[in-house]
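Quick look at final_25.pdb (PDB, C-alpha atoms):
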```pdb
ATOM      1  CA  MET A1036       0.000   0.000   0.000  1.00  0.00           C
ATOM      2  CA  GLU A1037       1.307   3.435  -0.946  1.00  0.00           C
ATOM      3  CA  ILE A1038       0.271   6.812   0.418  1.00  0.00           C
ATOM      4  CA  LEU A1039       1.122  10.088  -1.319  1.00  0.00           C
ATOM      5  CA  ILE A1040       0.134  13.708  -0.853  1.00  0.00           C
ATOM      6  CA  LEU A1041      -0.314  16.285  -3.607  1.00  0.00           C
ATOM      7  CA  LYS A1042      -0.945  20.006  -3.182  1.00  0.00           C
ATOM      8  CA  TYR A1043      -2.877  22.367  -5.440  1.00  0.00           C
ATOM      9  CA  SER A1044      -2.309  26.121  -5.322  1.00  0.00           C
ATOM     10  CA  PHE A1045      -5.326  28.364  -5.745  1.00  0.00           C
ATOM     11  CA  ASN A1046      -5.836  32.118  -5.613  1.00  0.00           C
ATOM     12  CA  ASN A1047      -9.218  32.426  -3.928  1.00  0.00           C
ATOM     13  CA  LEU A1048     -12.223  30.487  -2.680  1.00  0.00           C
ATOM     14  CA  TRP A1049     -13.908  30.549  -6.102  1.00  0.00           C
ATOM     15  CA  ASP A1050     -10.842  28.940  -7.676  1.00  0.00           C
ATOM     16  CA  LEU A1051     -10.949  26.258  -4.994  1.00  0.00           C
ATOM     17  CA  ARG A1052     -14.631  25.537  -5.558  1.00  0.00           C
ATOM     18  CA  ALA A1053     -14.194  25.295  -9.353  1.00  0.00           C
ATOM     19  CA  TRP A1054     -11.105  23.109  -8.859  1.00  0.00           C
ATOM     20  CA  PHE A1055     -12.976  20.718  -6.562  1.00  0.00           C
ATOM     21  CA  GLU A1056     -15.936  20.480  -8.963  1.00  0.00           C
ATOM     22  CA  LYS A1057     -13.587  19.682 -11.865  1.00  0.00           C
ATOM     23  CA  LEU A1058     -11.684  17.159  -9.750  1.00  0.00           C
ATOM     24  CA  GLU A1059     -14.942  15.483  -8.709  1.00  0.00           C
ATOM     25  CA  ARG A1060     -16.075  15.228 -12.350  1.00  0.00           C
ATOM     26  CA  ILE A1061     -12.760  13.624 -13.337  1.00  0.00           C
ATOM     27  CA  LEU A1062     -12.835  11.187 -10.417  1.00  0.00           C
ATOM     28  CA  VAL A1063     -16.386  10.066 -11.191  1.00  0.00           C
ATOM     29  CA  SER A1064     -15.549   9.724 -14.912  1.00  0.00           C
ATOM     30  CA  VAL A1065     -12.778   7.197 -14.146  1.00  0.00           C
ATOM     31  CA  GLY A1066     -14.873   5.101 -11.776  1.00  0.00           C
ATOM     32  CA  PHE A1067     -14.567   6.720  -8.367  1.00  0.00           C
ATOM     33  CA  VAL A1068     -17.569   6.780  -6.058  1.00  0.00           C
ATOM     34  CA  VAL A1069     -18.139   9.470  -3.428  1.00  0.00           C
ATOM     35  CA  SER A1070     -18.218   8.024   0.072  1.00  0.00           C
ATOM     36  CA  LYS A1071     -21.620   8.108   1.769  1.00  0.00           C
ATOM     37  CA  SER A1072     -20.012   9.162   5.042  1.00  0.00           C
ATOM     38  CA  ASP A1073     -17.611  11.860   3.768  1.00  0.00           C
ATOM     39  CA  ALA A1074     -18.077  13.976   0.622  1.00  0.00           C
ATOM     40  CA  SER A1075     -14.311  14.546   0.392  1.00  0.00           C
ATOM     41  CA  LEU A1076     -13.497  10.816   0.219  1.00  0.00           C
ATOM     42  CA  PHE A1077     -13.568   9.010  -3.126  1.00  0.00           C
ATOM     43  CA  VAL A1078     -13.146   5.257  -3.601  1.00  0.00           C
ATOM     44  CA  ARG A1079     -12.338   3.257  -6.752  1.00  0.00           C
ATOM     45  CA  ILE A1080     -12.276  -0.542  -6.743  1.00  0.00           C
ATOM     46  CA  LYS A1081     -11.337  -2.104 -10.088  1.00  0.00           C
ATOM     47  CA  SER A1082      -9.811  -5.476 -11.004  1.00  0.00           C
ATOM     48  CA  GLY A1083      -7.826  -6.157  -7.844  1.00  0.00           C
ATOM     49  CA  SER A1084      -6.829  -2.536  -7.304  1.00  0.00           C
ATOM     50  CA  THR A1085      -8.247  -0.141  -4.747  1.00  0.00           C
ATOM     51  CA  LEU A1086      -7.665   3.615  -4.656  1.00  0.00           C
ATOM     52  CA  TYR A1087      -8.782   6.016  -1.934  1.00  0.00           C
ATOM     53  CA  ILE A1088      -8.626   9.747  -2.574  1.00  0.00           C
ATOM     54  CA  LEU A1089      -9.141  12.170   0.299  1.00  0.00           C
ATOM     55  CA  VAL A1090      -9.412  15.855  -0.582  1.00  0.00           C
ATOM     56  CA  TYR A1091      -8.910  18.448   2.148  1.00  0.00           C
ATOM     57  CA  VAL A1092      -8.942  22.064   0.952  1.00  0.00           C
ATOM     58  CA  ASP A1093      -5.894  22.073  -1.357  1.00  0.00           C
ATOM     59  CA  ASP A1094      -4.394  18.710  -0.374  1.00  0.00           C
ATOM     60  CA  ILE A1095      -5.066  15.365  -2.026  1.00  0.00           C
ATOM     61  CA  ILE A1096      -4.186  12.193  -0.154  1.00  0.00           C
ATOM     62  CA  ILE A1097      -3.832   9.154  -2.404  1.00  0.00           C
ATOM     63  CA  ILE A1098      -3.878   5.670  -0.901  1.00  0.00           C
ATOM     64  CA  GLY A1099      -3.725   2.644  -3.127  1.00  0.00           C
ATOM     65  CA  SER A1100      -3.049  -1.049  -3.196  1.00  0.00           C
ATOM     66  CA  LEU A1101      -0.993  -1.060  -6.433  1.00  0.00           C
ATOM     67  CA  SER A1102       1.797   1.371  -7.256  1.00  0.00           C
ATOM     68  CA  THR A1103       1.007   1.147 -10.994  1.00  0.00           C
ATOM     69  CA  THR A1104      -2.564   2.304 -10.378  1.00  0.00           C
ATOM     70  CA  ILE A1105      -1.339   5.154  -8.191  1.00  0.00           C
ATOM     71  CA  GLU A1106       1.175   6.198 -10.869  1.00  0.00           C
ATOM     72  CA  TRP A1107      -1.590   6.148 -13.518  1.00  0.00           C
ATOM     73  CA  PHE A1108      -3.849   8.250 -11.314  1.00  0.00           C
ATOM     74  CA  VAL A1109      -1.137  10.768 -10.369  1.00  0.00           C
ATOM     75  CA  GLN A1110      -0.304  11.220 -14.082  1.00  0.00           C
ATOM     76  CA  LEU A1111      -4.003  11.755 -14.799  1.00  0.00           C
ATOM     77  CA  LEU A1112      -4.074  14.529 -12.186  1.00  0.00           C
ATOM     78  CA  TYR A1113      -0.856  16.117 -13.491  1.00  0.00           C
ATOM     79  CA  ASP A1114      -2.369  16.170 -16.989  1.00  0.00           C
ATOM     80  CA  GLU A1115      -5.404  18.112 -15.702  1.00  0.00           C
ATOM     81  CA  PHE A1116      -4.027  20.311 -12.893  1.00  0.00           C
ATOM     82  CA  SER A1117      -0.947  22.204 -11.825  1.00  0.00           C
ATOM     83  CA  LEU A1118      -0.039  20.119  -8.785  1.00  0.00           C
ATOM     84  CA  LYS A1119       2.976  19.837  -6.561  1.00  0.00           C
ATOM     85  CA  GLY A1120       3.961  16.351  -5.442  1.00  0.00           C
ATOM     86  CA  MET A1121       4.728  16.301  -1.723  1.00  0.00           C
ATOM     87  CA  GLY A1122       5.925  12.682  -1.650  1.00  0.00           C
ATOM     88  CA  ASP A1123       4.980  10.207   1.026  1.00  0.00           C
ATOM     89  CA  LEU A1124       2.465  11.274   3.635  1.00  0.00           C
ATOM     90  CA  TYR A1125       4.011  12.028   7.031  1.00  0.00           C
ATOM     91  CA  TYR A1126       1.770  14.703   8.497  1.00  0.00           C
ATOM     92  CA  PHE A1127      -1.754  15.797   7.645  1.00  0.00           C
ATOM     93  CA  ILE A1128      -4.269  18.081   9.442  1.00  0.00           C
ATOM     94  CA  GLY A1129      -2.632  17.545  12.812  1.00  0.00           C
ATOM     95  CA  ILE A1130      -2.100  13.815  12.403  1.00  0.00           C
ATOM     96  CA  LYS A1131       1.358  12.269  12.159  1.00  0.00           C
ATOM     97  CA  VAL A1132       1.435   9.209   9.911  1.00  0.00           C
ATOM     98  CA  THR A1133       4.045   6.474  10.253  1.00  0.00           C
ATOM     99  CA  ARG A1134       4.354   3.004   8.774  1.00  0.00           C
ATOM    100  CA  SER A1135       5.679  -0.072  10.566  1.00  0.00           C
ATOM    101  CA  LEU A1136       8.014  -2.562   8.900  1.00  0.00           C
ATOM    102  CA  SER A1137       5.021  -4.845   8.336  1.00  0.00           C
ATOM    103  CA  GLY A1138       3.260  -2.056   6.402  1.00  0.00           C
ATOM    104  CA  CYS A1139       0.690  -1.115   9.042  1.00  0.00           C
ATOM    105  CA  LEU A1140      -0.172   2.566   9.303  1.00  0.00           C
ATOM    106  CA  HIS A1141      -0.053   4.328  12.653  1.00  0.00           C
ATOM    107  CA  LEU A1142      -1.737   7.664  13.275  1.00  0.00           C
ATOM    108  CA  TYR A1143      -0.623   9.982  16.091  1.00  0.00           C
ATOM    109  CA  GLN A1144      -2.109  13.242  17.307  1.00  0.00           C
ATOM    110  CA  LYS A1145       0.421  14.008  20.044  1.00  0.00           C
ATOM    111  CA  LYS A1146       1.702  17.245  18.422  1.00  0.00           C
ATOM    112  CA  TYR A1147      -1.844  18.411  17.664  1.00  0.00           C
ATOM    113  CA  ILE A1148      -2.891  17.856  21.288  1.00  0.00           C
ATOM    114  CA  ARG A1149       0.232  19.640  22.564  1.00  0.00           C
ATOM    115  CA  ASP A1150      -0.545  22.594  20.282  1.00  0.00           C
ATOM    116  CA  ILE A1151      -4.082  22.816  21.736  1.00  0.00           C
ATOM    117  CA  LEU A1152      -2.705  22.651  25.285  1.00  0.00           C
ATOM    118  CA  ASP A1153      -0.222  25.427  24.422  1.00  0.00           C
ATOM    119  CA  ARG A1154      -3.040  27.609  23.046  1.00  0.00           C
ATOM    120  CA  CYS A1155      -4.966  27.420  26.305  1.00  0.00           C
ATOM    121  CA  SER A1156      -1.881  27.627  28.580  1.00  0.00           C
ATOM    122  CA  MET A1157      -2.409  24.108  29.927  1.00  0.00           C
ATOM    123  CA  THR A1158       0.902  22.551  28.846  1.00  0.00           C
ATOM    124  CA  ASN A1159       1.926  21.880  32.450  1.00  0.00           C
ATOM    125  CA  ALA A1160      -1.526  20.851  33.684  1.00  0.00           C
ATOM    126  CA  LYS A1161      -1.695  17.619  35.639  1.00  0.00           C
ATOM    127  CA  SER A1162      -3.464  14.878  33.686  1.00  0.00           C
ATOM    128  CA  VAL A1163      -6.219  12.679  35.091  1.00  0.00           C
ATOM    129  CA  HIS A1164      -8.004   9.666  33.618  1.00  0.00           C
ATOM    130  CA  THR A1165     -11.473  11.219  33.962  1.00  0.00           C
ATOM    131  CA  PRO A1166     -11.416  15.018  34.099  1.00  0.00           C
ATOM    132  CA  MET A1167     -14.680  15.328  36.027  1.00  0.00           C
ATOM    133  CA  VAL A1168     -17.172  13.319  37.997  1.00  0.00           C
ATOM    134  CA  SER A1169     -19.238  11.384  35.489  1.00  0.00           C
ATOM    135  CA  SER A1170     -22.417  11.581  37.550  1.00  0.00           C
ATOM    136  CA  SER A1171     -22.540  15.373  37.769  1.00  0.00           C
ATOM    137  CA  THR A1172     -25.206  17.303  35.897  1.00  0.00           C
ATOM    138  CA  MET A1173     -24.643  20.619  34.205  1.00  0.00           C
ATOM    139  CA  SER A1174     -26.919  23.322  32.936  1.00  0.00           C
ATOM    140  CA  LYS A1175     -26.330  26.082  30.412  1.00  0.00           C
ATOM    141  CA  ASP A1176     -27.290  28.519  33.183  1.00  0.00           C
ATOM    142  CA  ASP A1177     -24.555  27.311  35.600  1.00  0.00           C
ATOM    143  CA  GLY A1178     -21.520  29.525  36.166  1.00  0.00           C
ATOM    144  CA  GLU A1179     -20.610  32.919  34.792  1.00  0.00           C
ATOM    145  CA  ARG A1180     -20.791  33.749  31.098  1.00  0.00           C
ATOM    146  CA  LEU A1181     -17.544  34.480  29.295  1.00  0.00           C
ATOM    147  CA  GLU A1182     -17.014  38.071  28.190  1.00  0.00           C
ATOM    148  CA  ASP A1183     -15.519  36.846  24.917  1.00  0.00           C
ATOM    149  CA  PRO A1184     -16.265  33.193  24.088  1.00  0.00           C
ATOM    150  CA  THR A1185     -14.099  33.270  20.938  1.00  0.00           C
ATOM    151  CA  GLU A1186     -11.119  31.442  22.472  1.00  0.00           C
ATOM    152  CA  TYR A1187     -13.370  28.807  24.076  1.00  0.00           C
ATOM    153  CA  ARG A1188     -15.176  28.203  20.785  1.00  0.00           C
ATOM    154  CA  SER A1189     -11.877  27.942  18.943  1.00  0.00           C
ATOM    155  CA  LEU A1190     -10.521  25.363  21.407  1.00  0.00           C
ATOM    156  CA  ALA A1191     -13.778  23.382  21.463  1.00  0.00           C
ATOM    157  CA  GLY A1192     -13.807  23.414  17.650  1.00  0.00           C
ATOM    158  CA  ALA A1193     -10.229  22.114  17.567  1.00  0.00           C
ATOM    159  CA  LEU A1194     -11.314  19.034  19.485  1.00  0.00           C
TER     160      LEU A1194
END
```
Same coordinates, now as structure tokens:
Amino acid sequence: MEILILKYSFNNLWDLRAWFEKLERILVSVGFVVSKSDASLFVRIKSGSTLYILVYVDDIIIIGSLSTTIEWFVQLLYDEFSLKGMGDLYYFIGIKVTRSLSGCLHLYQKKYIRDILDRCSMTNAKSVHTPMVSSSTMSKDDGERLEDPTEYRSLAGAL
């Protein structure tokens, strides 16, 4: 199994939208199906070969069972778009990706979690297995309201 990452450069949101629509048309035309659970995941299963394409903003993750199929697909993309090959996938949206000698993939979010802890000045906080009593009840009216909930929303959204 091979995993590659490609990057597309765009100038504005409209370019990105048009690029994604064109990419989707091309993927569907060569036999990809959009995942029912994630509109940015495309799957193609043909004659003993499986390809997974994950699109996140301007990044394309390509995972496939046969290197020849991946090479064909990458060439197809290069023929249609101005892409930059980033090589093997090592880091993506806060997730570190490693591969064991047996070929298994391992995903780590340690750096991402540390970055979140840094943002909220909790790097040196003492960890606990369960951060609060599980039987407690809370209400939206409990406690004092934040003057500016922006930071809280940003941290909650990062989780």
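Between atom CA of Val1090 of chain A and atom CA of Leu1076 of chain A the interatomic distance comes to 6.5 Å.
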With only C-alpha atoms as the counted atoms, please give the residues lying no more than 12 Å from segment 1064-1070 of chain A, apart from itself and same-chain residues fewer than 4 positions off, as an mmCIF file with C-alpha atoms, keeping the file's coordinate frame.
```cif
data_model
loop_
_atom_site.group_PDB
_atom_site.id
_atom_site.type_symbol
_atom_site.label_atom_id
_atom_site.label_comp_id
_atom_site.auth_asym_id
_atom_site.auth_seq_id
_atom_site.Cartn_x
_atom_site.Cartn_y
_atom_site.Cartn_z
ATOM 1 C CA LYS A 1057 -13.587 19.682 -11.865
ATOM 2 C CA LEU A 1058 -11.684 17.159 -9.750
ATOM 3 C CA GLU A 1059 -14.942 15.483 -8.709
ATOM 4 C CA ARG A 1060 -16.075 15.228 -12.350
ATOM 5 C CA ALA A 1074 -18.077 13.976 0.622
ATOM 6 C CA SER A 1075 -14.311 14.546 0.392
ATOM 7 C CA LEU A 1076 -13.497 10.816 0.219
ATOM 8 C CA PHE A 1077 -13.568 9.010 -3.126
ATOM 9 C CA VAL A 1078 -13.146 5.257 -3.601
ATOM 10 C CA ARG A 1079 -12.338 3.257 -6.752
ATOM 11 C CA ILE A 1080 -12.276 -0.542 -6.743
ATOM 12 C CA LYS A 1081 -11.337 -2.104 -10.088
ATOM 13 C CA SER A 1082 -9.811 -5.476 -11.004
ATOM 14 C CA SER A 1084 -6.829 -2.536 -7.304
ATOM 15 C CA THR A 1085 -8.247 -0.141 -4.747
ATOM 16 C CA LEU A 1086 -7.665 3.615 -4.656
ATOM 17 C CA TYR A 1087 -8.782 6.016 -1.934
ATOM 18 C CA ILE A 1088 -8.626 9.747 -2.574
ATOM 19 C CA LEU A 1089 -9.141 12.170 0.299
ATOM 20 C CA VAL A 1090 -9.412 15.855 -0.582
ATOM 21 C CA THR A 1104 -2.564 2.304 -10.378
ATOM 22 C CA TRP A 1107 -1.590 6.148 -13.518
ATOM 23 C CA PHE A 1108 -3.849 8.250 -11.314
ATOM 24 C CA LEU A 1111 -4.003 11.755 -14.799
ATOM 25 C CA LEU A 1112 -4.074 14.529 -12.186
#
```
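Summary of the local environment: counting all atoms listed in the file, residues at most 10 Å from Tyr1187 of chain A, other than itself and those fewer than 6 positions away along its chain, are Cys1155, Leu1181 and Ala1193 of chain A.
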Spatial neighbours of Arg1134 of chain A, 10 Å, all atoms listed in the file, chain gap at least 5 places, as a PyMOL selection string: chain A and resi 1124-1125+1139-1142
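The two atoms in question, atom CA of Thr1133 of chain A and atom CA of Asp1093 of chain A, are spaced 21.8 Å apart.
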Please provide the set of residues having any atom within 9 Å of Gln1144 of chain A, restricted to only C-alpha atoms, with same-chain residues fewer than 2 positions apart removed, written as a PyMOL selection string. chain A and resi 1129-1131+1142+1146-1149
For those residues, write C-alpha atoms to a file as a compact mmCIF listing (two decimals), keeping the file's coordinate frame.
```txt
# COMPACT_ATOMS: atom_id res chain seq x y z
CA GLY A 1129 -2.63 17.55 12.81
CA ILE A 1130 -2.10 13.82 12.40
CA LYS A 1131 1.36 12.27 12.16
CA LEU A 1142 -1.74 7.66 13.28
CA LYS A 1146 1.70 17.24 18.42
CA TYR A 1147 -1.84 18.41 17.66
CA ILE A 1148 -2.89 17.86 21.29
CA ARG A 1149 0.23 19.64 22.56
```
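Distance-wise, atom CA of Ile1105 of chain A and atom CA of Ser1137 of chain A end up 20.3 Å apart.
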